[in-house]
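As provided, run.txt (compact mmCIF, C-alpha atoms) reads as follows.
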# COMPACT_ATOMS: atom_id res chain seq x y z
CA VAL A 1304 7.17 23.83 2.47
CA SER A 1305 9.56 20.90 2.83
CA GLU A 1306 6.73 18.79 4.33
CA GLN A 1307 4.50 19.66 1.36
CA ALA A 1308 7.24 18.49 -1.00
CA VAL A 1309 7.04 14.94 0.38
CA THR A 1310 3.31 14.69 1.21
CA ASP A 1311 0.44 13.69 -1.06
CA GLU A 1312 -1.94 16.65 -0.98
CA LEU A 1313 -5.14 14.57 -1.24
CA THR A 1314 -4.47 11.82 1.31
CA GLY A 1315 -1.89 13.39 3.62
CA LEU A 1316 0.30 10.30 3.20
CA SER A 1317 3.87 10.28 1.95
CA ASN A 1318 4.24 10.84 -1.77
CA PRO A 1319 6.28 8.58 -4.11
CA ARG A 1320 9.43 10.68 -3.67
CA ARG A 1321 9.36 10.38 0.13
CA PHE A 1322 8.47 6.71 -0.14
CA ARG A 1323 11.48 5.94 -2.37
CA GLU A 1324 13.79 7.80 0.03
CA LEU A 1325 12.39 5.89 3.00
CA MET A 1326 12.68 2.52 1.24
CA ALA A 1327 16.34 3.17 0.43
CA LYS A 1328 17.04 4.15 4.05
CA GLU A 1329 15.12 1.19 5.49
CA HIS A 1330 16.81 -1.23 3.08
CA GLU A 1331 20.21 -0.07 4.33
CA ARG A 1332 19.08 -0.35 7.96
CA ALA A 1333 17.59 -3.81 7.45
CA HIS A 1334 20.73 -5.01 5.70
CA ARG A 1335 23.06 -3.54 8.33
CA PHE A 1336 21.19 -4.92 11.34
CA GLY A 1337 19.80 -8.12 9.83
CA HIS A 1338 16.17 -7.04 10.17
CA ASP A 1339 13.27 -7.92 7.91
CA LEU A 1340 11.68 -5.21 5.79
CA SER A 1341 8.25 -5.89 4.37
CA LEU A 1342 6.09 -4.06 1.89
CA ILE A 1343 2.40 -4.04 1.08
CA MET A 1344 1.23 -2.72 -2.28
CA LEU A 1345 -2.48 -1.91 -2.61
CA ASP A 1346 -4.66 -1.04 -5.58
CA ILE A 1347 -8.31 0.05 -5.31
CA ASP A 1348 -10.42 -2.38 -7.33
CA ASP A 1349 -12.31 -0.91 -10.31
CA PHE A 1350 -11.32 2.64 -9.43
CA LYS A 1351 -11.70 3.85 -13.03
CA GLN A 1352 -15.34 2.80 -12.85
CA VAL A 1353 -15.80 4.92 -9.69
CA ASN A 1354 -14.46 7.99 -11.51
CA ASP A 1355 -16.41 7.22 -14.69
CA GLU A 1356 -19.75 6.57 -12.97
CA HIS A 1357 -19.57 8.93 -9.97
CA GLY A 1358 -17.06 11.59 -10.99
CA HIS A 1359 -13.60 12.57 -9.85
CA LEU A 1360 -14.80 14.29 -6.67
CA GLN A 1361 -16.24 10.95 -5.53
CA GLY A 1362 -13.00 9.26 -6.56
CA ASP A 1363 -11.11 11.73 -4.39
CA GLU A 1364 -13.30 10.77 -1.41
CA VAL A 1365 -12.45 7.10 -2.01
CA LEU A 1366 -8.73 7.93 -2.10
CA ARG A 1367 -9.03 9.91 1.15
CA MET A 1368 -10.82 6.98 2.84
CA VAL A 1369 -8.12 4.52 1.79
CA GLY A 1370 -5.44 6.93 2.97
CA ARG A 1371 -7.18 7.26 6.35
CA VAL A 1372 -7.47 3.48 6.72
CA LEU A 1373 -3.77 3.01 5.92
CA ASP A 1374 -2.81 5.73 8.38
CA GLU A 1375 -4.99 4.32 11.16
CA GLU A 1376 -3.92 0.69 10.67
CA SER A 1377 -0.18 1.45 10.44
CA ARG A 1378 2.19 1.51 13.41
CA GLY A 1379 4.27 4.59 14.13
CA ILE A 1380 7.35 3.13 12.40
CA ASP A 1381 5.42 2.08 9.27
CA GLU A 1382 5.30 4.34 6.25
CA PRO A 1383 2.02 4.40 4.32
CA ALA A 1384 2.27 6.25 1.01
CA ARG A 1385 0.25 7.07 -2.05
CA TYR A 1386 2.33 5.35 -4.69
CA GLY A 1387 0.48 6.81 -7.66
CA GLY A 1388 -3.09 7.09 -8.94
CA GLU A 1389 -5.13 4.57 -6.98
CA GLU A 1390 -2.10 2.57 -5.88
CA PHE A 1391 -0.76 2.77 -2.33
CA ALA A 1392 2.16 1.23 -0.47
CA VAL A 1393 3.01 0.57 3.16
CA ALA A 1394 6.65 0.02 4.13
CA LEU A 1395 6.96 -2.14 7.25
CA PRO A 1396 10.38 -1.91 8.91
CA GLU A 1397 11.37 -4.79 11.19
CA THR A 1398 8.35 -6.80 10.03
CA ASP A 1399 8.46 -10.32 8.61
CA LEU A 1400 6.20 -11.64 5.85
CA GLU A 1401 3.70 -13.10 8.32
CA GLY A 1402 3.29 -9.69 9.98
CA ALA A 1403 2.88 -8.03 6.59
CA VAL A 1404 0.18 -10.50 5.56
CA GLU A 1405 -1.70 -9.96 8.84
CA LEU A 1406 -1.67 -6.18 8.35
CA ALA A 1407 -2.61 -6.50 4.68
CA GLU A 1408 -5.64 -8.62 5.57
CA ARG A 1409 -6.71 -6.11 8.25
CA ILE A 1410 -6.44 -3.30 5.72
CA ARG A 1411 -8.34 -5.28 3.05
CA SER A 1412 -11.13 -6.13 5.47
CA ARG A 1413 -11.38 -2.60 6.78
CA ILE A 1414 -11.61 -1.07 3.29
CA GLU A 1415 -14.27 -3.61 2.33
CA SER A 1416 -16.35 -2.66 5.40
CA GLU A 1417 -16.07 1.13 4.96
CA ARG A 1418 -18.74 3.18 3.22
CA VAL A 1419 -17.63 6.32 1.44
CA PRO A 1420 -20.22 9.10 1.77
CA GLY A 1421 -21.66 10.12 -1.58
CA VAL A 1422 -20.78 13.59 -2.80
CA ASP A 1423 -23.62 15.99 -3.56
CA GLY A 1424 -26.14 13.80 -1.77
CA GLY A 1425 -25.29 10.65 -3.69
CA ALA A 1426 -25.61 7.19 -2.17
CA PRO A 1427 -22.68 5.92 -0.08
CA LEU A 1428 -20.13 3.97 -2.08
CA HIS A 1429 -18.56 0.60 -1.29
CA VAL A 1430 -15.12 -0.27 -2.66
CA THR A 1431 -12.63 -3.10 -2.28
CA ALA A 1432 -8.88 -3.36 -2.72
CA SER A 1433 -6.36 -5.94 -3.85
CA LEU A 1434 -3.09 -6.21 -1.97
CA GLY A 1435 0.29 -7.82 -2.50
CA SER A 1436 2.83 -8.38 0.24
CA ALA A 1437 6.51 -9.20 0.12
CA SER A 1438 9.42 -9.25 2.54
CA MET A 1439 13.13 -8.84 2.45
CA PRO A 1440 15.03 -11.14 2.63
CA ALA A 1441 12.30 -13.82 2.20
CA SER A 1442 11.08 -12.72 -1.24
CA ALA A 1443 13.54 -10.02 -2.33
CA ALA A 1444 17.24 -9.17 -2.11
CA ASN A 1445 16.95 -5.37 -2.15
CA ALA A 1446 14.43 -2.52 -2.06
CA GLN A 1447 13.90 -2.50 -5.83
CA ASP A 1448 13.20 -6.26 -5.86
CA LEU A 1449 10.93 -5.83 -2.84
CA VAL A 1450 8.75 -3.33 -4.70
CA ALA A 1451 8.71 -5.58 -7.78
CA SER A 1452 7.78 -8.66 -5.70
CA ALA A 1453 4.97 -6.89 -3.84
CA ASP A 1454 3.71 -5.39 -7.10
CA ALA A 1455 3.71 -8.80 -8.81
CA ALA A 1456 1.75 -10.24 -5.85
CA LEU A 1457 -0.70 -7.32 -6.10
CA TYR A 1458 -1.38 -8.04 -9.78
CA GLU A 1459 -1.78 -11.74 -9.00
CA ALA A 1460 -4.47 -10.70 -6.48
CA LYS A 1461 -6.18 -8.73 -9.27
CA ARG A 1462 -6.02 -11.69 -11.66
CA ALA A 1463 -7.31 -14.07 -8.98
CA GLY A 1464 -10.55 -12.12 -8.57
CA LYS A 1465 -9.72 -8.91 -6.62
CA ASN A 1466 -10.49 -8.05 -2.98
CA ARG A 1467 -7.77 -10.35 -1.67
CA VAL A 1468 -4.23 -10.47 -0.34
CA VAL A 1469 -1.55 -12.39 -2.23
CA THR A 1470 1.92 -13.04 -0.85
CA ALA A 1471 5.07 -12.95 -2.97
CA SER A 1472 6.76 -16.29 -3.35
CA ALA A 1473 10.05 -17.00 -1.64
CA ARG A 1474 13.23 -16.33 -3.54
CA SER A 1475 14.98 -19.35 -4.99
CA GLN A 1476 18.20 -20.42 -3.32
CA ALA A 1477 20.13 -19.57 -6.50
CA GLY A 1478 18.81 -16.00 -6.42
CA GLN A 1479 19.75 -15.30 -2.81
CA SER A 1480 22.79 -13.19 -2.00
Full structure transcribed into structure tokens:
Amino acid sequence: VSEQAVTDELTGLSNPRRFRELMAKEHERAHRFGHDLSLIMLDIDDFKQVNDEHGHLQGDEVLRMVGRVLDEESRGIDEPARYGGEEFAVALPETDLEGAVELAERIRSRIESERVPGVDGGAPLHVTASLGSASMPASAANAQDLVASADAALYEAKRAGKNRVVTASARSQAGQS
């Protein structure tokens, strides 16, 4: 029962509650030991169109595929999570921004190459994702800023044409603590 309380039923990944708890814990650990903590935020491109044109059961299959890709591409210490709707996150303890960008690009490429079987005999579906990556301390001072930085990078990827990885900019010297 306690596992169900922190697991997304559809994807089997951590749910937002578990993700927030983990981010708080990893922020404290990173701060205490001087480690990097990186974050990837991911949004499935044009997901509303998938649901509108193919139905919610097909949308669920897309979400399961993305969850599987995140789970398979993540290391044991990483924490992939369904953040909400069609948005996902991967917390990367002890990972710098370069490592986060490398993983984000692997995830983006893998999602682009996957084909989601059509439900009820429908044609296989192809989807893409936009990703934003950020790292603490390079682009954020704390866990809340890390999520905001990765999310801003994600939406920049959307604005720049989708199906890409965008990296959060470095914090200014004045903003560092």
Rounded to one decimal, what separation in Å do you get between CA of Glu1459 (chain A) and CA of Ser1438 (chain A)?
16.3 Å
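Here CA of Ala1333 (chain A) is placed at a distance of 25.2 Å from CA of Gly1387 (chain A).
Taking CA of Glu1415 (chain A) as the reference point, CA of Thr1310 (chain A) is found at 25.4 Å.
Counting all atoms listed in the file, the residue from A:Leu1345, A:Glu1324, A:Asn1318, A:Leu1449 that sits nearest to Ser1433 (chain A) is A:Leu1345.
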For Leu1313 (chain A): contacts at 7 Å, all atoms listed in the file, fewer than 2 positions along chain excluded, given as a PDB file with C-alpha atoms, in the frame of the given file:
ATOM      1  CA  ASP A1311       0.440  13.690  -1.060  1.00  0.00           C
ATOM      2  CA  GLY A1315      -1.890  13.390   3.620  1.00  0.00           C
ATOM      3  CA  ARG A1367      -9.030   9.910   1.150  1.00  0.00           C
TER       4      ARG A1367
END
Surrounding residues of Arg1413 (chain A) excluding itself and chain neighbours under 5 positions, 12 Å, only C-alpha atoms, as a list in words:
Met1368, Val1369, Gly1370, Arg1371, Val1372, Leu1373, Glu1375, Glu1376, Leu1406, Ala1407, Glu1408, Arg1418, His1429, Val1430, Thr1431, Ala1432 and Asn1466 of chain A
Would it be fine to have region 1358-1462 of chain A, with C-alpha atoms, given as a PDB file, in the first residue's frame?
ATOM      1  CA  GLY A1358      -8.258   8.394 -27.924  1.00  0.00           C
ATOM      2  CA  HIS A1359      -7.139   8.224 -24.327  1.00  0.00           C
ATOM      3  CA  LEU A1360      -6.309   4.507 -24.439  1.00  0.00           C
ATOM      4  CA  GLN A1361      -3.730   5.269 -27.139  1.00  0.00           C
ATOM      5  CA  GLY A1362      -2.496   8.197 -25.052  1.00  0.00           C
ATOM      6  CA  ASP A1363      -2.024   5.819 -22.132  1.00  0.00           C
ATOM      7  CA  GLU A1364       0.130   3.554 -24.334  1.00  0.00           C
ATOM      8  CA  VAL A1365       2.303   6.556 -25.235  1.00  0.00           C
ATOM      9  CA  LEU A1366       2.709   7.422 -21.544  1.00  0.00           C
ATOM     10  CA  ARG A1367       3.661   3.816 -20.745  1.00  0.00           C
ATOM     11  CA  MET A1368       6.271   3.819 -23.538  1.00  0.00           C
ATOM     12  CA  VAL A1369       7.849   7.039 -22.272  1.00  0.00           C
ATOM     13  CA  GLY A1370       7.863   5.670 -18.731  1.00  0.00           C
ATOM     14  CA  ARG A1371       9.580   2.491 -19.941  1.00  0.00           C
ATOM     15  CA  VAL A1372      12.219   4.478 -21.856  1.00  0.00           C
ATOM     16  CA  LEU A1373      12.952   6.639 -18.799  1.00  0.00           C
ATOM     17  CA  ASP A1374      13.207   3.581 -16.581  1.00  0.00           C
ATOM     18  CA  GLU A1375      15.512   1.740 -18.989  1.00  0.00           C
ATOM     19  CA  GLU A1376      17.797   4.711 -19.663  1.00  0.00           C
ATOM     20  CA  SER A1377      18.160   5.731 -16.000  1.00  0.00           C
ATOM     21  CA  ARG A1378      20.882   4.458 -13.676  1.00  0.00           C
ATOM     22  CA  GLY A1379      19.971   2.784 -10.406  1.00  0.00           C
ATOM     23  CA  ILE A1380      20.506   5.995  -8.401  1.00  0.00           C
ATOM     24  CA  ASP A1381      18.438   8.144 -10.788  1.00  0.00           C
ATOM     25  CA  GLU A1382      14.788   8.806 -10.076  1.00  0.00           C
ATOM     26  CA  PRO A1383      12.486   8.954 -13.105  1.00  0.00           C
ATOM     27  CA  ALA A1384       8.992  10.205 -12.266  1.00  0.00           C
ATOM     28  CA  ARG A1385       5.728  11.114 -13.895  1.00  0.00           C
ATOM     29  CA  TYR A1386       5.525  14.764 -12.951  1.00  0.00           C
ATOM     30  CA  GLY A1387       1.964  15.278 -14.144  1.00  0.00           C
ATOM     31  CA  GLY A1388      -0.097  14.723 -17.297  1.00  0.00           C
ATOM     32  CA  GLU A1389       2.379  14.198 -20.116  1.00  0.00           C
ATOM     33  CA  GLU A1390       5.273  15.750 -18.217  1.00  0.00           C
ATOM     34  CA  PHE A1391       8.037  13.620 -16.714  1.00  0.00           C
ATOM     35  CA  ALA A1392      11.157  14.319 -14.669  1.00  0.00           C
ATOM     36  CA  VAL A1393      14.397  12.492 -13.984  1.00  0.00           C
ATOM     37  CA  ALA A1394      16.431  13.453 -10.906  1.00  0.00           C
ATOM     38  CA  LEU A1395      20.135  12.724 -11.399  1.00  0.00           C
ATOM     39  CA  PRO A1396      22.099  12.641  -8.134  1.00  0.00           C
ATOM     40  CA  GLU A1397      25.855  13.184  -8.386  1.00  0.00           C
ATOM     41  CA  THR A1398      25.515  14.176 -12.051  1.00  0.00           C
ATOM     42  CA  ASP A1399      26.800  17.391 -13.593  1.00  0.00           C
ATOM     43  CA  LEU A1400      25.081  19.338 -16.369  1.00  0.00           C
ATOM     44  CA  GLU A1401      27.101  17.635 -19.098  1.00  0.00           C
ATOM     45  CA  GLY A1402      25.975  14.207 -17.861  1.00  0.00           C
ATOM     46  CA  ALA A1403      22.367  15.396 -17.692  1.00  0.00           C
ATOM     47  CA  VAL A1404      22.499  16.687 -21.270  1.00  0.00           C
ATOM     48  CA  GLU A1405      23.982  13.397 -22.510  1.00  0.00           C
ATOM     49  CA  LEU A1406      21.192  11.404 -20.845  1.00  0.00           C
ATOM     50  CA  ALA A1407      18.526  13.831 -22.048  1.00  0.00           C
ATOM     51  CA  GLU A1408      19.709  13.453 -25.638  1.00  0.00           C
ATOM     52  CA  ARG A1409      19.714   9.642 -25.322  1.00  0.00           C
ATOM     53  CA  ILE A1410      16.166   9.756 -23.993  1.00  0.00           C
ATOM     54  CA  ARG A1411      15.020  12.173 -26.730  1.00  0.00           C
ATOM     55  CA  SER A1412      16.542  10.025 -29.460  1.00  0.00           C
ATOM     56  CA  ARG A1413      15.124   6.819 -28.039  1.00  0.00           C
ATOM     57  CA  ILE A1414      11.583   8.232 -27.777  1.00  0.00           C
ATOM     58  CA  GLU A1415      11.822   9.532 -31.345  1.00  0.00           C
ATOM     59  CA  SER A1416      12.840   6.061 -32.595  1.00  0.00           C
ATOM     60  CA  GLU A1417      10.146   4.114 -30.695  1.00  0.00           C
ATOM     61  CA  ARG A1418       6.857   3.102 -32.276  1.00  0.00           C
ATOM     62  CA  VAL A1419       3.860   2.793 -30.005  1.00  0.00           C
ATOM     63  CA  PRO A1420       1.597  -0.085 -31.068  1.00  0.00           C
ATOM     64  CA  GLY A1421      -1.842   1.108 -32.111  1.00  0.00           C
ATOM     65  CA  VAL A1422      -4.716   0.114 -29.862  1.00  0.00           C
ATOM     66  CA  ASP A1423      -7.586  -1.852 -31.383  1.00  0.00           C
ATOM     67  CA  GLY A1424      -5.576  -2.643 -34.503  1.00  0.00           C
ATOM     68  CA  GLY A1425      -4.674   0.967 -35.253  1.00  0.00           C
ATOM     69  CA  ALA A1426      -1.445   1.940 -36.975  1.00  0.00           C
ATOM     70  CA  PRO A1427       1.665   2.305 -34.797  1.00  0.00           C
ATOM     71  CA  LEU A1428       2.189   5.817 -33.492  1.00  0.00           C
ATOM     72  CA  HIS A1429       5.351   7.920 -33.537  1.00  0.00           C
ATOM     73  CA  VAL A1430       5.870  10.643 -30.927  1.00  0.00           C
ATOM     74  CA  THR A1431       8.645  13.017 -29.932  1.00  0.00           C
ATOM     75  CA  ALA A1432       9.519  14.822 -26.722  1.00  0.00           C
ATOM     76  CA  SER A1433      11.067  18.109 -25.672  1.00  0.00           C
ATOM     77  CA  LEU A1434      13.473  18.121 -22.753  1.00  0.00           C
ATOM     78  CA  GLY A1435      15.045  20.694 -20.480  1.00  0.00           C
ATOM     79  CA  SER A1436      18.052  20.026 -18.285  1.00  0.00           C
ATOM     80  CA  ALA A1437      19.496  21.931 -15.363  1.00  0.00           C
ATOM     81  CA  SER A1438      22.042  21.303 -12.637  1.00  0.00           C
ATOM     82  CA  MET A1439      22.719  22.432  -9.138  1.00  0.00           C
ATOM     83  CA  PRO A1440      24.852  24.413  -8.443  1.00  0.00           C
ATOM     84  CA  ALA A1441      25.540  25.410 -12.101  1.00  0.00           C
ATOM     85  CA  SER A1442      22.042  26.698 -12.917  1.00  0.00           C
ATOM     86  CA  ALA A1443      20.188  26.647  -9.582  1.00  0.00           C
ATOM     87  CA  ALA A1444      20.798  27.284  -5.891  1.00  0.00           C
ATOM     88  CA  ASN A1445      18.227  24.843  -4.470  1.00  0.00           C
ATOM     89  CA  ALA A1446      15.768  22.121  -5.450  1.00  0.00           C
ATOM     90  CA  GLN A1447      12.922  24.549  -6.153  1.00  0.00           C
ATOM     91  CA  ASP A1448      15.141  26.658  -8.437  1.00  0.00           C
ATOM     92  CA  LEU A1449      16.409  23.472 -10.097  1.00  0.00           C
ATOM     93  CA  VAL A1450      12.873  22.448 -11.058  1.00  0.00           C
ATOM     94  CA  ALA A1451      12.119  25.984 -12.275  1.00  0.00           C
ATOM     95  CA  SER A1452      15.341  26.111 -14.342  1.00  0.00           C
ATOM     96  CA  ALA A1453      14.763  22.713 -15.962  1.00  0.00           C
ATOM     97  CA  ASP A1454      11.123  23.609 -16.625  1.00  0.00           C
ATOM     98  CA  ALA A1455      12.112  26.926 -18.239  1.00  0.00           C
ATOM     99  CA  ALA A1456      14.618  25.059 -20.444  1.00  0.00           C
ATOM    100  CA  LEU A1457      11.888  22.552 -21.364  1.00  0.00           C
ATOM    101  CA  TYR A1458       9.549  25.327 -22.511  1.00  0.00           C
ATOM    102  CA  GLU A1459      12.383  26.933 -24.457  1.00  0.00           C
ATOM    103  CA  ALA A1460      12.783  23.570 -26.256  1.00  0.00           C
ATOM    104  CA  LYS A1461       9.056  23.688 -27.084  1.00  0.00           C
ATOM    105  CA  ARG A1462       9.302  27.253 -28.395  1.00  0.00           C
TER     106      ARG A1462
END
